[in-house]
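Heads up, upload01.csv below (CSV, C-alpha atoms):
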```csv
chain,number,residue,atom,x,y,z
A,691,MET,CA,107.8,87.0,109.9
A,692,THR,CA,105.1,85.2,107.9
A,693,TYR,CA,105.4,81.9,106.2
A,694,THR,CA,103.7,80.5,103.1
A,695,PRO,CA,102.6,84.0,102.2
A,696,LEU,CA,101.2,82.6,98.9
A,697,MET,CA,99.8,79.6,100.7
A,698,GLY,CA,101.8,77.2,98.5
A,699,GLY,CA,100.8,78.9,95.3
A,700,LEU,CA,97.1,79.1,96.1
A,701,LEU,CA,97.1,82.9,96.4
A,702,ALA,CA,99.1,83.2,93.2
A,703,GLY,CA,96.0,81.9,91.4
A,704,LYS,CA,97.7,78.6,90.5
A,705,TYR,CA,94.7,76.5,91.4
A,706,SER,CA,90.9,76.6,91.1
A,707,LYS,CA,88.4,74.8,93.2
A,708,ASP,CA,87.8,71.2,92.3
A,709,THR,CA,89.7,71.4,89.1
A,710,LEU,CA,92.4,69.3,87.5
A,711,LEU,CA,95.7,69.9,89.2
A,712,PRO,CA,98.8,70.7,87.1
A,713,GLU,CA,101.4,68.0,86.7
A,714,GLY,CA,104.3,68.3,89.2
A,715,SER,CA,102.4,70.9,91.2
A,716,ARG,CA,102.4,71.0,95.0
A,717,ALA,CA,98.7,70.2,95.1
A,718,ARG,CA,99.3,67.2,92.9
A,719,CYS,CA,102.3,65.9,94.8
A,720,ASN,CA,100.9,66.6,98.3
A,721,PRO,CA,97.2,65.5,98.7
A,722,ASN,CA,97.2,66.7,102.3
A,723,TYR,CA,98.0,70.2,101.2
A,724,TRP,CA,95.2,70.2,98.6
A,725,GLU,CA,92.6,68.7,101.1
A,726,ARG,CA,93.5,71.5,103.5
A,727,VAL,CA,93.1,74.4,101.0
A,728,ASN,CA,90.4,73.2,98.6
A,729,LYS,CA,87.7,75.1,100.4
A,730,THR,CA,85.0,77.5,99.2
A,731,ALA,CA,85.9,80.3,101.6
A,732,TYR,CA,89.5,80.4,100.3
A,733,PHE,CA,88.4,80.6,96.8
A,734,LYS,CA,86.1,83.5,97.6
A,735,TYR,CA,89.1,85.3,98.9
A,736,ILE,CA,91.1,84.2,95.8
A,737,GLU,CA,88.4,85.7,93.6
A,738,GLY,CA,88.8,88.9,95.5
A,739,ILE,CA,92.5,88.9,95.0
A,740,GLY,CA,92.0,88.2,91.3
A,741,ARG,CA,89.6,91.0,90.9
A,742,ILE,CA,91.6,93.6,92.8
A,743,SER,CA,94.9,92.7,91.2
A,744,GLU,CA,93.3,93.1,87.7
A,745,GLU,CA,91.9,96.5,88.7
A,746,ILE,CA,95.4,97.7,89.7
A,747,GLY,CA,97.2,95.8,87.0
A,748,ILE,CA,99.6,93.6,89.1
A,749,SER,CA,99.8,89.9,89.4
A,750,MET,CA,97.9,88.0,92.2
A,751,SER,CA,101.1,86.9,93.9
A,752,GLN,CA,102.3,90.5,94.0
A,753,LEU,CA,99.1,91.7,95.5
A,754,ALA,CA,99.0,88.9,98.1
A,755,ILE,CA,102.5,89.8,99.3
A,756,ALA,CA,102.0,93.6,99.0
A,757,TRP,CA,99.0,93.1,101.2
A,758,ILE,CA,101.1,91.3,103.9
A,759,LEU,CA,103.8,93.9,103.7
A,760,LYS,CA,101.3,96.6,104.4
A,761,ASN,CA,100.3,95.0,107.6
A,762,PRO,CA,101.9,97.0,110.4
A,763,VAL,CA,102.8,93.9,112.5
A,764,VAL,CA,104.6,92.2,109.7
A,765,THR,CA,108.3,92.7,109.2
A,766,ALA,CA,109.2,90.2,106.5
A,767,PRO,CA,107.3,87.5,104.7
A,768,ILE,CA,109.4,84.4,104.1
A,769,ILE,CA,109.2,83.5,100.4
A,770,GLY,CA,110.6,80.4,98.9
A,771,ALA,CA,112.1,80.2,95.4
A,772,SER,CA,112.8,77.3,93.0
A,773,THR,CA,114.7,79.5,90.5
A,774,VAL,CA,117.0,82.6,90.6
A,775,GLU,CA,114.3,84.4,88.5
A,776,GLN,CA,111.7,83.9,91.3
A,777,VAL,CA,114.0,85.5,93.8
A,778,GLU,CA,114.4,88.5,91.5
A,779,GLU,CA,110.6,88.7,91.1
A,780,ASN,CA,110.0,88.4,94.8
A,781,CYS,CA,112.3,91.3,95.5
A,782,ARG,CA,110.5,93.5,92.9
A,783,ILE,CA,107.4,93.1,95.0
A,784,LEU,CA,108.7,95.7,97.4
A,785,GLU,CA,108.1,98.3,94.7
A,786,VAL,CA,104.4,97.4,94.6
A,787,LYS,CA,102.3,99.5,97.0
A,788,ILE,CA,98.5,99.1,97.5
A,789,ASP,CA,96.1,101.7,98.8
A,790,ASP,CA,94.1,101.6,102.0
A,791,ARG,CA,90.8,100.8,100.3
A,792,ASP,CA,92.2,97.6,98.7
A,793,TYR,CA,94.0,96.7,101.9
A,794,LEU,CA,90.9,96.9,104.0
A,795,GLU,CA,88.8,95.1,101.4
A,796,LEU,CA,91.2,92.2,101.5
A,797,ASN,CA,91.2,92.3,105.3
A,798,ASP,CA,87.4,92.0,105.2
A,799,LEU,CA,87.6,89.1,102.8
A,800,THR,CA,89.9,87.2,105.1
A,801,LYS,CA,87.3,87.1,107.8
A,802,THR,CA,85.4,84.4,106.1
A,803,CYS,CA,88.5,82.4,105.7
A,804,GLU,CA,89.2,82.6,109.4
A,805,ALA,CA,85.8,81.1,110.2
A,806,SER,CA,86.5,78.2,107.9
A,807,LEU,CA,89.8,77.4,109.3
A,808,TYR,CA,89.0,76.3,112.9
B,122,MET,CA,116.0,96.1,99.2
B,123,ASP,CA,114.1,97.6,102.2
B,124,TYR,CA,115.1,96.8,105.8
B,125,ALA,CA,113.3,97.0,109.1
B,126,ASN,CA,113.7,96.1,112.7
B,127,LEU,CA,112.3,92.6,113.3
B,128,GLY,CA,109.3,92.9,115.6
B,129,ASN,CA,110.3,94.8,118.8
B,130,SER,CA,114.0,93.8,118.5
B,131,GLY,CA,117.0,95.7,117.4
B,132,LEU,CA,117.7,93.2,114.7
B,133,LYS,CA,117.6,94.7,111.2
B,134,VAL,CA,116.3,92.3,108.5
B,135,SER,CA,115.4,92.6,104.8
B,136,ARG,CA,111.7,93.0,104.3
B,137,ILE,CA,111.8,89.8,102.2
B,138,GLY,CA,113.1,86.6,103.7
B,139,LEU,CA,114.3,83.6,101.8
B,140,GLY,CA,112.4,80.3,102.4
B,141,THR,CA,114.4,77.1,102.1
B,142,ASN,CA,111.9,74.4,102.5
B,143,ASN,CA,112.6,73.0,99.1
B,144,PHE,CA,116.4,73.1,99.2
B,145,GLY,CA,117.8,69.6,98.9
B,146,GLY,CA,114.4,68.3,97.9
B,147,GLN,CA,112.5,69.8,94.9
B,148,VAL,CA,115.5,72.0,94.3
B,149,ASN,CA,119.0,70.4,94.1
B,150,GLU,CA,122.0,71.5,96.0
B,151,GLU,CA,123.7,73.4,93.1
B,152,ASP,CA,120.5,75.4,92.3
B,153,SER,CA,120.0,76.1,96.0
B,154,PHE,CA,123.4,77.6,96.2
B,155,ARG,CA,122.6,79.8,93.2
B,156,ILE,CA,119.4,80.9,94.7
B,157,ILE,CA,120.9,81.8,98.0
B,158,ARG,CA,123.8,83.7,96.3
B,159,LYS,CA,121.3,85.6,94.2
B,160,ALA,CA,119.2,86.5,97.2
B,161,MET,CA,122.2,87.8,99.1
B,162,ASP,CA,123.3,89.8,96.0
B,163,LEU,CA,119.8,91.4,96.0
B,164,GLY,CA,120.2,92.4,99.6
B,165,ILE,CA,118.2,89.6,101.3
B,166,ASN,CA,119.9,89.0,104.7
B,167,LEU,CA,117.3,86.8,106.3
B,168,ILE,CA,117.4,83.1,105.5
B,169,ASP,CA,114.8,80.9,107.1
B,170,THR,CA,115.2,77.1,107.5
B,171,ALA,CA,114.2,74.4,110.0
B,172,ASN,CA,115.7,71.2,111.5
B,173,ILE,CA,113.1,69.1,109.7
B,174,TYR,CA,113.3,70.7,106.2
B,175,THR,CA,114.3,68.1,103.7
B,176,ARG,CA,115.5,66.0,106.7
B,177,GLY,CA,118.3,68.4,107.6
B,178,LYS,CA,119.6,68.9,104.0
B,179,SER,CA,118.2,72.4,103.9
B,180,GLU,CA,120.2,73.4,107.0
B,181,SER,CA,123.4,71.9,105.5
B,182,ILE,CA,122.9,73.7,102.2
B,183,VAL,CA,122.3,77.0,103.9
B,184,GLY,CA,125.4,76.5,106.1
B,185,LYS,CA,127.6,75.8,103.1
B,186,ALA,CA,126.2,78.6,101.1
B,187,VAL,CA,126.9,81.3,103.7
B,188,GLN,CA,130.4,80.2,104.6
B,189,GLY,CA,132.6,83.3,104.5
B,190,TYR,CA,129.5,85.5,104.9
B,191,ARG,CA,128.3,84.4,108.3
B,192,ASP,CA,128.2,87.8,109.9
B,193,GLU,CA,126.3,89.3,107.0
B,194,VAL,CA,123.3,86.9,107.2
B,195,ILE,CA,120.6,86.2,109.7
B,196,ILE,CA,119.9,82.5,110.0
B,197,ALA,CA,116.6,81.5,111.4
B,198,THR,CA,115.9,77.8,112.2
B,199,LYS,CA,113.3,75.9,114.2
B,200,VAL,CA,112.7,73.1,116.7
B,201,GLY,CA,109.5,71.3,117.7
B,202,MET,CA,108.4,69.1,114.9
B,203,ASN,CA,109.1,65.3,114.8
B,204,THR,CA,112.6,64.3,114.0
B,205,GLY,CA,112.1,60.6,114.6
B,206,LYS,CA,109.8,58.1,116.0
B,207,GLY,CA,111.2,58.2,119.5
B,208,LEU,CA,109.1,59.5,122.4
B,209,ASN,CA,111.5,62.4,122.9
B,210,GLU,CA,112.2,63.1,119.3
B,211,THR,CA,109.5,65.8,119.1
B,212,GLY,CA,108.1,68.8,120.9
B,213,LEU,CA,109.6,71.4,123.1
B,214,SER,CA,111.1,69.5,126.1
B,215,ARG,CA,114.5,70.6,127.4
B,216,LYS,CA,115.8,67.2,126.2
B,217,HIS,CA,114.6,67.6,122.6
B,218,ILE,CA,115.6,71.2,122.2
B,219,MET,CA,119.1,70.6,123.6
B,220,SER,CA,119.6,67.7,121.3
B,221,GLN,CA,118.3,69.6,118.3
B,222,ILE,CA,120.3,72.7,118.8
B,223,ARG,CA,123.4,70.6,118.6
B,224,HIS,CA,122.2,69.0,115.3
B,225,SER,CA,121.3,72.4,113.8
B,226,LEU,CA,124.5,74.1,114.7
B,227,GLU,CA,126.4,71.1,113.3
B,228,SER,CA,124.4,71.1,110.0
B,229,LEU,CA,124.7,74.8,109.6
B,230,GLY,CA,128.4,74.7,110.4
B,231,THR,CA,128.1,77.7,112.7
B,232,GLY,CA,128.6,78.4,116.4
B,233,PHE,CA,125.3,80.3,116.8
B,234,ILE,CA,121.8,80.7,115.4
B,235,ASP,CA,120.5,84.2,115.0
B,236,ILE,CA,116.8,83.4,115.4
B,237,TYR,CA,115.6,80.2,117.0
B,238,TYR,CA,111.8,79.5,116.7
B,239,LEU,CA,109.5,77.1,118.3
B,240,HIS,CA,108.0,75.4,115.3
B,241,ARG,CA,104.7,74.5,117.0
B,242,PHE,CA,102.8,74.6,120.3
B,243,ASP,CA,103.5,71.7,122.6
B,244,GLY,CA,100.7,71.3,125.2
B,245,GLU,CA,102.5,68.3,126.8
B,246,THR,CA,105.6,70.3,127.9
B,247,PRO,CA,105.3,73.0,130.6
B,248,LEU,CA,105.9,76.4,129.0
B,249,GLY,CA,108.4,77.3,131.7
B,250,GLU,CA,110.6,74.3,130.8
B,251,THR,CA,110.7,75.4,127.1
B,252,LEU,CA,111.3,79.1,127.8
B,253,SER,CA,114.0,78.5,130.4
B,254,THR,CA,115.7,76.2,127.9
B,255,LEU,CA,115.6,79.0,125.3
B,256,ASN,CA,116.9,81.4,127.9
B,257,ASP,CA,119.8,79.1,128.6
B,258,LEU,CA,120.7,78.9,124.9
B,259,VAL,CA,120.7,82.6,124.6
B,260,HIS,CA,123.0,82.9,127.7
B,261,GLN,CA,125.3,80.2,126.3
B,262,GLY,CA,125.6,82.3,123.1
B,263,ARG,CA,124.3,79.5,120.9
B,264,VAL,CA,121.1,81.5,120.1
B,265,ARG,CA,120.7,85.3,119.6
B,266,TYR,CA,116.9,85.7,119.4
B,267,THR,CA,114.0,83.5,120.0
B,268,LEU,CA,110.4,83.6,118.9
B,269,ARG,CA,107.5,81.3,118.5
B,270,ALA,CA,106.1,80.3,115.1
B,271,PRO,CA,102.4,79.8,115.1
B,272,THR,CA,101.1,76.7,113.4
B,273,SER,CA,97.7,76.3,111.8
B,274,ARG,CA,96.4,74.8,115.1
B,275,LEU,CA,97.8,77.5,117.3
B,276,GLY,CA,94.9,79.9,116.9
B,277,ARG,CA,92.6,77.3,118.3
B,278,LEU,CA,95.0,76.0,121.0
B,279,LEU,CA,95.8,79.4,122.1
B,280,MET,CA,92.3,80.2,123.3
B,281,PRO,CA,92.4,78.1,126.5
B,282,VAL,CA,96.1,78.7,127.2
B,283,ARG,CA,96.3,82.3,126.4
B,284,SER,CA,96.2,83.7,129.9
B,285,ALA,CA,98.7,81.1,131.1
B,286,VAL,CA,101.0,81.9,128.2
B,287,SER,CA,100.8,85.6,128.8
B,288,THR,CA,101.7,85.4,132.5
B,289,THR,CA,104.5,82.9,132.1
B,290,TRP,CA,106.0,84.6,129.1
B,291,ARG,CA,105.9,88.0,130.8
B,292,ASN,CA,107.6,86.6,133.9
B,293,CYS,CA,110.2,85.0,131.8
B,294,LEU,CA,110.7,88.2,129.9
B,295,GLN,CA,111.2,90.2,133.1
B,296,SER,CA,113.7,87.7,134.4
B,297,SER,CA,115.6,87.1,131.2
B,298,ARG,CA,116.2,90.0,129.0
B,299,PRO,CA,117.9,88.3,126.1
B,300,ILE,CA,114.7,86.5,125.2
B,301,ILE,CA,112.8,88.7,122.8
B,302,CYS,CA,109.1,88.2,122.2
B,303,PHE,CA,107.8,89.1,118.8
B,304,ARG,CA,104.3,90.0,118.0
B,305,GLY,CA,102.9,89.6,114.7
B,306,ALA,CA,104.2,86.6,113.0
B,307,SER,CA,101.5,84.9,111.1
B,308,ASN,CA,101.2,81.7,109.4
B,309,LYS,CA,98.7,81.1,106.6
B,310,THR,CA,98.9,84.9,106.3
B,311,PHE,CA,95.5,85.9,105.5
B,312,PHE,CA,93.6,84.4,108.4
B,313,HIS,CA,96.2,84.7,111.0
B,314,ILE,CA,97.0,88.3,110.6
B,315,VAL,CA,93.5,89.2,111.7
B,316,ASN,CA,94.1,87.1,114.8
B,317,VAL,CA,97.3,88.8,115.8
B,318,LYS,CA,95.7,91.0,118.5
B,319,ASP,CA,94.6,87.8,120.3
B,320,TRP,CA,98.1,86.8,121.1
B,321,GLU,CA,99.8,89.8,122.5
B,322,TYR,CA,101.8,88.8,125.5
```

Please express what this file holds, its structure, as structure tokens.
Amino acid sequence: MTYTPLMGGLLAGKYSKDTLLPEGSRARCNPNYWERVNKTAYFKYIEGIGRISEEIGISMSQLAIAWILKNPVVTAPIIGASTVEQVEENCRILEVKIDDRDYLELNDLTKTCEASLY
Amino acid sequence: MDYANLGNSGLKVSRIGLGTNNFGGQVNEEDSFRIIRKAMDLGINLIDTANIYTRGKSESIVGKAVQGYRDEVIIATKVGMNTGKGLNETGLSRKHIMSQIRHSLESLGTGFIDIYYLHRFDGETPLGETLSTLNDLVHQGRVRYTLRAPTSRLGRLLMPVRSAVSTTWRNCLQSSRPIICFRGASNKTFFHIVNVKDWEY
């Protein structure tokens, strides 16, 4: 079970590095969250997600979750929802499959993130 | 909906779980009920909450929402984070876990929790105390499965304690079958998954 699979919206492409934060957003309401995630390495990864998701024609959040679901040690990502529509969208992600090449490329990109975390 | 066994257990869960961190906070009670109902209609059977989410409101909302459907859903909740300013109102001591399980069961309006996680690592409590407490809860029928949730600091903390953890946990597993150890949870997903191999027990 994995939690914050979209890292509070970060992996959905909701925020860019050092830019103005949307009104009412998690990053705006919770400065600790933003301080923790506003890092160059994360945004390199996010660029990767953006590029690959465009190539295969799915949204960034779909790709981020499809990537987690493809990991053999993961059973179920825990995804929050603020609306009924978001629950429906989250369930549709199960129909999205990504190929091995994209999976491995995203795995590689995460290595830089790991280094910046600790 | 797709289903799979959770980790190395026999428990079958939907491959999407519902997070409830914002229920009773950003999302009001009525909308939370609607979301939970929708999730169940779509085949989600795994609902994840914690004793600290929205100061207990999340657990109460989940409890109310699943009344009449208790056997169909898998409720996961957690213990370990601060619930107050008192010295013993945090962590994974026997005292705190025993007090929090009572609160969680009451809030959820149920006699048992399907999955009880440790919400964080607690370096100030002997691991044996924590694990034997969980074991007792399983034997008492108040908890079905237990597992540990990693926190963002766990990856770092785990390094020096890894060998201690693996020995103790393995001993515990051998002596107490109802405790199931899951591999492969992750937290901030993209960096923890690559670390999973580091914490096989």

(request) Find the residues near Gly140 of chain B: any atom within 6 Å, counting only C-alpha atoms, skip ones fewer than 3 places away on the same chain, and give them as a ChimeraX atom specification. (result) /A:768-770 /B:169

Next, write the just-selected residues to a file, as a PDB file, in the frame of the given file, keeping C-alpha atoms as the atom set.
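Output saved as result_34.pdb:
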```pdb
ATOM      1  CA  ILE A 768     109.400  84.400 104.100  1.00  0.00           C
ATOM      2  CA  ILE A 769     109.200  83.500 100.400  1.00  0.00           C
ATOM      3  CA  GLY A 770     110.600  80.400  98.900  1.00  0.00           C
TER       4      GLY A 770
ATOM      5  CA  ASP B 169     114.800  80.900 107.100  1.00  0.00           C
TER       6      ASP B 169
END
```

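The neighbours of Val200 of chain B here are the residues that come within 8 Å of it, using all atoms listed in the file and leaving out any residue fewer than 6 positions away in the same chain; they are Ala171, Asn172, Gly212, Leu213, Ile218, Gln221, Ile222, Tyr237, Tyr238, Leu239 and His240 of chain B.
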
(message) If I take atom CA of Ile137 of chain B and atom CA of Lys787 of chain A, how far is one from the other in Å, to one decimal?
(response)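 We find that atom CA of Ile137 of chain B and atom CA of Lys787 of chain A lie 14.5 Å from each other.
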
(request) Kindly give the distance, in Å, that separates atom CA of Thr204 of chain B and atom CA of Pro721 of chain A, rounded to a single decimal. (result)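 Computed distance, atom CA of Thr204 of chain B to atom CA of Pro721 of chain A, equals 21.7 Å.
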
(message) As an exercise, work out the distance from atom CA of Ala754 of chain A to atom CA of Leu701 of chain A in Å and give it to one decimal place.
(response) 6.5 Å

(message) I'd like the contact shell of Gly747 of chain A - 12 Å cut-off, all atoms listed in the file, skipping same-chain residues fewer than 6 positions apart - returned as number ranges by chain.
(response) A: 739-741, 753, 786-788

(message) Would you pick out the contacts of segment 141-149 of chain B at 7 Å or less, using all atoms listed in the file, so that residues sharing its chain but fewer than 2 positions from it are not included, and give the list as number ranges by chain?
(response) A: 770, 772; B: 139, 151-153, 169-170, 174-175, 178-179

(message) List as an MDAnalysis selection string the residues having at least one atom at most 10 Å from position (100.9, 87.6, 95.7) as given in the file, counting only C-alpha atoms.
(response) chainID A and resid 695:697 699:703 739:740 743 748:758 780 783

(message) Excluding Gly738 of chain A and its own-chain neighbours fewer than 5 positions away, which residues fall within 10 Å of it when counting only C-alpha atoms? Please give them as a list of chain:residue names.
(response) A:Tyr732, A:Phe733, A:Ser743, A:Glu744, A:Met750, A:Asp792, A:Glu795, A:Leu796, A:Leu799, A:Thr800

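Between chain A and the candidates B:Ile173, B:Val259, B:Ile236, B:Leu226, the tightest atom-to-atom separation, counting all atoms listed in the file, involves B:Ile236.
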